[in-house]
>>> print(open('query.cif').read())   # mmCIF, C-alpha atoms
data_work
loop_
_atom_site.label_atom_id
_atom_site.label_comp_id
_atom_site.auth_asym_id
_atom_site.auth_seq_id
_atom_site.Cartn_x
_atom_site.Cartn_y
_atom_site.Cartn_z
CA GLU A 1 104.96 112.81 108.06
CA ILE A 2 101.67 114.30 109.02
CA THR A 3 98.63 112.19 109.82
CA GLU A 4 95.57 112.68 107.71
CA SER A 5 93.45 113.55 110.76
CA VAL A 6 95.87 116.23 112.04
CA MET A 7 96.15 117.73 108.57
CA MET A 8 92.37 118.06 108.32
CA GLU A 9 91.90 119.71 111.75
CA ASP A 10 92.78 123.13 110.31
CA VAL A 11 93.23 122.74 106.58
CA GLU A 12 94.17 126.34 105.82
CA LYS A 13 96.83 126.37 108.55
CA SER A 14 98.10 122.97 107.37
CA ILE A 15 98.41 124.20 103.78
CA LYS A 16 100.31 127.31 104.91
CA LEU A 17 102.73 125.37 107.14
CA MET A 18 103.26 122.60 104.62
CA ASN A 19 104.04 125.13 101.89
CA GLU A 20 106.61 126.77 104.18
CA PHE A 21 108.22 123.40 104.92
CA HIS A 22 108.17 122.45 101.25
CA GLU A 23 109.95 125.69 100.33
CA LEU A 24 112.71 124.66 102.77
CA GLY A 25 113.10 121.37 100.92
CA VAL A 26 111.30 119.23 103.48
CA LYS A 27 109.57 116.19 101.95
CA ILE A 28 106.02 115.74 103.20
CA SER A 29 103.98 112.57 103.39
CA VAL A 30 100.46 111.90 104.63
CA ASP A 31 100.53 109.07 107.16
CA ASP A 32 97.59 106.71 107.74
CA PHE A 33 96.04 107.72 104.43
CA GLY A 34 92.55 106.35 104.01
CA THR A 35 91.58 106.41 107.68
CA GLY A 36 90.63 110.06 108.08
CA TYR A 37 88.31 112.48 106.42
CA SER A 38 90.47 114.15 103.85
CA SER A 39 88.93 115.63 100.76
CA LEU A 40 90.50 114.58 97.51
CA SER A 41 90.41 118.22 96.41
CA TYR A 42 92.95 119.06 99.13
CA LEU A 43 95.41 116.59 97.62
CA ARG A 44 95.74 119.02 94.71
CA GLN A 45 96.42 121.98 97.00
CA LEU A 46 98.89 120.40 99.39
CA PRO A 47 102.60 120.22 98.58
CA LEU A 48 102.78 116.47 99.16
CA ASP A 49 105.52 114.08 98.17
CA ALA A 50 104.06 110.79 99.42
CA LEU A 51 101.00 108.97 100.70
CA LYS A 52 101.39 106.21 103.27
CA ILE A 53 98.71 103.54 103.07
CA ASP A 54 97.48 102.74 106.56
CA MET A 55 98.58 99.34 107.79
CA SER A 56 95.00 98.31 108.58
CA PHE A 57 94.37 98.01 104.82
CA ILE A 58 97.61 96.12 104.19
CA GLN A 59 97.05 93.64 106.99
CA SER A 60 93.57 92.74 105.77
CA ILE A 61 94.24 92.38 102.02
CA GLU A 62 94.44 88.59 102.31
CA ASN A 63 90.85 88.24 103.54
CA SER A 64 89.11 91.42 102.39
CA LYS A 65 88.32 92.19 98.77
CA GLN A 66 87.41 95.73 99.85
CA SER A 67 90.86 96.28 101.40
CA LYS A 68 92.53 95.01 98.22
CA GLU A 69 90.49 97.41 96.12
CA ILE A 70 91.20 100.35 98.45
CA VAL A 71 94.93 99.63 98.28
CA LYS A 72 94.76 99.41 94.49
CA ALA A 73 92.88 102.73 94.36
CA ILE A 74 95.32 104.53 96.68
CA ILE A 75 98.28 103.30 94.65
CA ALA A 76 96.62 104.35 91.37
CA LEU A 77 95.71 107.75 92.82
CA SER A 78 99.27 108.26 94.08
CA LYS A 79 100.74 107.38 90.71
CA THR A 80 98.32 109.71 88.90
CA LEU A 81 99.25 112.58 91.24
CA GLU A 82 102.96 111.70 90.89
CA LEU A 83 103.29 110.96 94.60
CA THR A 84 105.43 108.27 96.15
CA VAL A 85 103.23 105.59 97.66
CA ILE A 86 104.34 103.81 100.83
CA ALA A 87 102.72 100.69 102.25
CA GLU A 88 103.22 100.23 105.96
CA GLY A 89 102.64 97.15 108.05
CA VAL A 90 103.77 94.46 105.60
CA GLU A 91 104.16 91.24 107.56
CA ASN A 92 104.23 88.39 105.03
CA GLN A 93 105.20 87.29 101.53
CA GLU A 94 101.65 87.42 100.16
CA GLN A 95 101.26 91.09 101.12
CA LEU A 96 104.69 91.88 99.68
CA GLU A 97 103.93 90.18 96.36
CA PHE A 98 100.54 91.91 96.05
CA LEU A 99 102.14 95.32 96.58
CA GLN A 100 104.99 94.57 94.19
CA GLN A 101 102.48 93.60 91.48
CA LEU A 102 100.86 97.03 91.93
CA ASP A 103 104.25 98.76 91.66
CA CYS A 104 104.12 100.18 95.19
CA ASP A 105 107.14 102.48 95.57
CA VAL A 106 108.12 101.78 99.20
CA ILE A 107 107.22 98.81 101.35
CA GLN A 108 107.91 98.69 105.06
CA GLY A 109 106.99 96.46 107.93
CA PHE A 110 107.95 93.60 110.22
CA TYR A 111 108.41 91.33 107.18
CA PHE A 112 111.75 93.07 106.73
CA SER A 113 112.64 93.94 110.33
CA GLN A 114 111.33 94.89 113.72
CA PRO A 115 112.01 98.52 114.73
CA LEU A 116 115.71 98.89 115.53
CA PRO A 117 117.94 101.38 117.31
CA ALA A 118 119.96 103.47 114.85
CA LYS A 119 123.19 101.65 115.71
CA SER A 120 121.72 98.31 114.66
CA VAL A 121 120.44 99.46 111.28
CA GLU A 122 123.90 99.55 109.69
CA VAL A 123 124.61 95.94 110.74
CA VAL A 124 121.26 94.72 109.38
CA LEU A 125 121.74 96.55 106.09
CA GLN A 126 125.26 95.14 105.68
CA ASP A 127 123.98 91.62 106.35
CA TYR A 128 121.10 92.12 103.91
CA CYS A 129 123.25 93.61 101.15
CA CYS A 130 126.05 91.10 101.51
CA ALA A 131 123.79 88.04 101.80
CA SER A 132 122.74 88.26 98.13
#
>>> encode(input="query.cif", output="structure tokens")
Amino acid sequence: EITESVMMEDVEKSIKLMNEFHELGVKISVDDFGTGYSSLSYLRQLPLDALKIDMSFIQSIENSKQSKEIVKAIIALSKTLELTVIAEGVENQEQLEFLQQLDCDVIQGFYFSQPLPAKSVEVVLQDYCCAS
């Protein structure tokens, strides 16, 4: 992951480094998308695999029409550019359902789990998978 603001500090250097990483097979996502100053034209030049919608948009979709529309636009843009779209900061069922209706690829947040140490992840996943 690279944050949008760091990526835009030195665009030419970012493009060069990201291309080198991409050639090694490293998947690259832009974190906090929508909060920085990125130019949409750079999205065509960067070897991106995913955009992560900043949690500030997700957490305000219930009471902000503008946030809902921004999330819809980011998801549509990601789909058009064939990028995986990730929503971070999902904390409740309403947010989850909204994102599912928009066909968001990956949804993460406290709704599913608090951050966990690596050793605990296996236990949680086994409980989740076996509870169905």
>>> resolve_selection(input="query.cif", expression="the PyMOL selection byres ((chain A and resi 39-47) around 9)", output="list in words")
Met8, Val11, Ser14, Ile15, Lys16, Met18, Asn19, His22, Lys27, Ile28, Tyr37, Ser38, Leu48, Asp49 and Leu81 of chain A
>>> write_last_selection(input="query.cif", atoms="C-alpha atoms", output="compact mmCIF listing (two decimals), in the frame of the given file")
# COMPACT_ATOMS: atom_id res chain seq x y z
CA MET A 8 92.37 118.06 108.32
CA VAL A 11 93.23 122.74 106.58
CA SER A 14 98.10 122.97 107.37
CA ILE A 15 98.41 124.20 103.78
CA LYS A 16 100.31 127.31 104.91
CA MET A 18 103.26 122.60 104.62
CA ASN A 19 104.04 125.13 101.89
CA HIS A 22 108.17 122.45 101.25
CA LYS A 27 109.57 116.19 101.95
CA ILE A 28 106.02 115.74 103.20
CA TYR A 37 88.31 112.48 106.42
CA SER A 38 90.47 114.15 103.85
CA LEU A 48 102.78 116.47 99.16
CA ASP A 49 105.52 114.08 98.17
CA LEU A 81 99.25 112.58 91.24
>>> residues_around(input="query.cif", residues="Leu96 of chain A", least_positions_apart="6", cutoff="10 Å", atoms="all atoms listed in the file", output="PDB file with C-alpha atoms, in the frame of the given file")
ATOM      1  CA  ILE A  58      97.610  96.120 104.190  1.00  0.00           C
ATOM      2  CA  ALA A  87     102.720 100.690 102.250  1.00  0.00           C
ATOM      3  CA  VAL A  90     103.770  94.460 105.600  1.00  0.00           C
ATOM      4  CA  CYS A 104     104.120 100.180  95.190  1.00  0.00           C
ATOM      5  CA  ILE A 107     107.220  98.810 101.350  1.00  0.00           C
ATOM      6  CA  GLN A 108     107.910  98.690 105.060  1.00  0.00           C
ATOM      7  CA  GLY A 109     106.990  96.460 107.930  1.00  0.00           C
ATOM      8  CA  TYR A 111     108.410  91.330 107.180  1.00  0.00           C
TER       9      TYR A 111
END
>>> atom_distance(input="query.cif", atom1="atom CA of Val123 of chain A", atom2="atom CA of Val106 of chain A")
21.0 Å
>>> closest_residue(input="query.cif", among="A:Cys130, A:Leu83, A:Leu116, A:Val71", to="Gln101 of chain A", atoms="only C-alpha atoms")
A:Val71
>>> atom_distance(input="query.cif", atom1="atom CA of Lys65 of chain A", atom2="atom CA of Gln114 of chain A")
27.6 Å
>>> resolve_selection(input="query.cif", expression="the PyMOL selection byres ((chain A and resi 78) around 10)", output="mmCIF file with C-alpha atoms, in the coordinates of the input")
data_model
loop_
_atom_site.group_PDB
_atom_site.id
_atom_site.type_symbol
_atom_site.label_atom_id
_atom_site.label_comp_id
_atom_site.auth_asym_id
_atom_site.auth_seq_id
_atom_site.Cartn_x
_atom_site.Cartn_y
_atom_site.Cartn_z
ATOM 1 C CA LEU A 43 95.410 116.590 97.620
ATOM 2 C CA ASP A 49 105.520 114.080 98.170
ATOM 3 C CA ALA A 50 104.060 110.790 99.420
ATOM 4 C CA LEU A 51 101.000 108.970 100.700
ATOM 5 C CA LYS A 52 101.390 106.210 103.270
ATOM 6 C CA LYS A 72 94.760 99.410 94.490
ATOM 7 C CA ALA A 73 92.880 102.730 94.360
ATOM 8 C CA ILE A 74 95.320 104.530 96.680
ATOM 9 C CA ILE A 75 98.280 103.300 94.650
ATOM 10 C CA ALA A 76 96.620 104.350 91.370
ATOM 11 C CA LEU A 77 95.710 107.750 92.820
ATOM 12 C CA LYS A 79 100.740 107.380 90.710
ATOM 13 C CA THR A 80 98.320 109.710 88.900
ATOM 14 C CA LEU A 81 99.250 112.580 91.240
ATOM 15 C CA GLU A 82 102.960 111.700 90.890
ATOM 16 C CA LEU A 83 103.290 110.960 94.600
ATOM 17 C CA THR A 84 105.430 108.270 96.150
ATOM 18 C CA VAL A 85 103.230 105.590 97.660
ATOM 19 C CA ILE A 86 104.340 103.810 100.830
ATOM 20 C CA CYS A 104 104.120 100.180 95.190
ATOM 21 C CA ASP A 105 107.140 102.480 95.570
#
>>> atom_distance(input="query.cif", atom1="atom CA of Glu91 of chain A", atom2="atom CA of Ser60 of chain A")
10.8 Å
>>> closest_residue(input="query.cif", among="A:Ile61, A:Ala118, A:Cys129, A:Ile53", to="Gly34 of chain A", atoms="only C-alpha atoms")
A:Ile53
>>> closest_residue(input="query.cif", among="A:Gln100, A:Glu69, A:Glu88, A:Phe57", to="Asp31 of chain A", atoms="only C-alpha atoms")
A:Glu88
>>> axis_aligned_box(input="query.cif", around="segment 19-22 of chain A", padding_each_side="4 Å", output="JSON")
{"center_x": 106.1, "center_y": 124.6, "center_z": 103.1, "size_x": 12.2, "size_y": 12.3, "size_z": 11.7}
>>> closest_residue(input="query.cif", among="A:Met55, A:Leu17, A:Ile70, A:Val124", to="Gly89 of chain A", atoms="only C-alpha atoms")
A:Met55
>>> closest_residue(input="query.cif", among="A:Gln59, A:Ser120, A:Thr3, A:Ser67", to="Gln93 of chain A", atoms="only C-alpha atoms")
A:Gln59
